[in-house]
Amino acid sequence: MIIGAGAAGVFTAYRLREMYGRFYDIVLLEANDRVGGNCYSTTVTYGGRNYSIDCGAQFFYKNPQPSYCALVEQLGLMDEATDVISAPAGFTVWDKQANARRLWLPSRLLGFLHYANTDWDRLAQFAIYMTYSAFLDRETTNWSLSVDDWFSKLVLLDSDFKENVIKPFMYQFVSLPLSRIGESSALYAVTYFVRNVFGDAGVPEGDENPPELPGLPTFQTYQSMIGLDGILRKALSAARVTPTLSSPVTSVARSGDVSIVQTAAGPIQADHVVFACDPHAAATILQAGGTSPTTLLDTLKGLEYVGLPISMQKDGSCWMPSNTDYWEPVSTLVDGSAVRFTAWFGRLRPSYNFGQKIPVFKTWGAPDIDGASCPHQFLPHRHYIPLPTTTFMTLRESLQGFQGKDGHWFAGGWTRWFDSQEAALDSATWVADQLPPTALPFTGRARMVAPDPQKVERNLRRWLERVARHAPENRRDAIAHAIDEVAAKG
């Protein structure tokens, strides 16, 4: 029995079928009327062309999500002509009150030609930050080190840059209010960015005599043209599993060697129950069953997990930089103590009508955004996410001690690494791997791709050297040799 047809639930069903064939009778229940969970897509039309727009879970990247990309390819969907495309990615941190950029990394290397001296100064500091982040991701598995405690050790960065540039930049990864980002797990706040930009795929080596700055992407992102929920439907079809929708589970209780799962259609007996839902929903269901230990319920309830309001906008946005020269695929708008993060689909989708970019945007923020006050909002949405404080990480680790007790399992992006499709797939694969009998050859864990942390430093060095070639002479060495400076003084 699998409760929840989001990414983790679908991937669990897929892995069970792949690994064990017809050994298990797989029942997949979903309280909502659709498959997908946070993966939810809508369609907009521009220039007579339909565009699938992901409203919840959005990006995926080959570097930090190698196993997920391998699955997408296995499903026959990694086809740039039809299903998956790549797009150059950059980002901006914009101060609304000052009407100025705090940090700007253009989507293409050509954009560095438009840098002012202050931009190069910030990039030199950001290079130091990226190096610190790469070292943290490589050298520690301590998820309980807070951002503030980590910042106190970063002697090569000044306090103003940490507070006013790095913390707003981190918002896109941790979704905590600016005043609470210091509580976040430092490793959680940096790991996805590090592995995305400098992960396994690598950065091409530079030439001794490089040409003028090309239109090469600064970073790279991948988008599913059928929507991420479309990928999940393909996975279910491949697994030959039909989910039961609009079927909420009200309780789960252990009775002898089986669990009794109460649904609107009546009770169902299950040997194993996989809670592929958020921790609070799992706690509610188990508490209603009355057989789970209080320590488990307290652990699940203590995991801070919220419904993040999202505003989908078109024909304009209420939360982009006022200067369109600094519009990138992702932007963070800082307005005093408020922070807003926006993805602009115009840079993430093919153009229409001879080069026009679709004016479609997705925004979330802290405190919660008031989408109803934005004249461009066409669809409100809610994305359920963990708030990755150090307390969350400690509780997440303790949850592993309850896995498999009474035949109950917990899967989801929130249970492992960084909340993402990769983490959801990893958790689903791990759960399936714990169950009998022996898996079929070359399935499950054998299909997972482990990242190579040793490649990160090499790729970071190449990236810094490539960008530094076009920096002013007084900043060139600082950018190119950021790794050496951190290693020597950090």
# chains A, B, ... in the order shown; residues from 1 in each chain; ligands from 1

call {"tool": "residues_around", "arguments": {"residues": "region 31-37 of chain A", "least_positions_apart": "6", "cutoff": "8 Å", "atoms": "only C-alpha atoms", "output": "PyMOL selection string"}}
result
chain A and resi 4-7+228-229+232-233+243+245-249

call {"tool": "write_last_selection", "arguments": {"atoms": "C-alpha atoms", "output": "tab-separated table (two decimals), in the first residue's frame"}}
result
chain	number	residue	atom	x	y	z
A	4	GLY	CA	0.29	9.53	-1.86
A	5	ALA	CA	0.69	9.74	-5.65
A	6	GLY	CA	3.26	12.49	-5.72
A	7	ALA	CA	6.79	11.86	-6.95
A	228	LEU	CA	6.83	17.05	-14.38
A	229	ASP	CA	3.45	15.51	-13.63
A	232	LEU	CA	5.02	10.77	-13.32
A	233	ARG	CA	2.12	9.56	-15.44
A	243	PRO	CA	-3.72	4.98	-8.86
A	245	LEU	CA	-7.67	9.06	-6.90
A	246	SER	CA	-9.91	11.05	-4.56
A	247	SER	CA	-9.33	8.33	-1.99
A	248	PRO	CA	-8.10	9.82	1.29
A	249	VAL	CA	-6.79	7.49	3.98

call {"tool": "closest_residue", "arguments": {"among": "A:Asp406, A:Asp370, A:Tyr188, A:Thr284", "to": "Pro386 (chain A)", "atoms": "only C-alpha atoms"}}
result
A:Tyr188

call {"tool": "closest_residue", "arguments": {"among": "A:Thr131, A:Thr221, A:Thr390, A:Ser420", "to": "Asp484 (chain A)", "atoms": "only C-alpha atoms"}}
result
A:Thr131

call {"tool": "residues_around", "arguments": {"residues": "region 41-43 of chain A", "least_positions_apart": "5", "cutoff": "8 Å", "atoms": "only C-alpha atoms", "output": "count of residues only"}}
result
10

call {"tool": "select_by_dssp", "arguments": {"residues": "region 366-411 of chain A", "states": "strand (DSSP E or B)", "output": "list in words"}}
result
Ala366, Gln377, Phe378, Leu379, Pro380, His381, Arg382, His383, Tyr384, Ile385, Pro386, Thr389, His408, Trp409 and Phe410 of chain A

call {"tool": "closest_residue", "arguments": {"among": "A:Asp426, A:Ala338, A:Ile310, A:Trp364", "to": "Pro380 (chain A)", "atoms": "only C-alpha atoms"}}
result
A:Ile310

call {"tool": "residues_around", "arguments": {"residues": "Asp257 (chain A)", "least_positions_apart": "3", "cutoff": "9 Å", "atoms": "only C-alpha atoms", "output": "PyMOL selection string"}}
result
chain A and resi 254+271+406-407

call {"tool": "select_by_dssp", "arguments": {"residues": "region 110-359 of chain A", "states": "helix (DSSP H, G or I)", "output": "PyMOL selection string"}}
result
chain A and resi 110-114+117-139+147-151+159-174+178-183+186-198+228-239+279-289+294-302+324-326+345-347
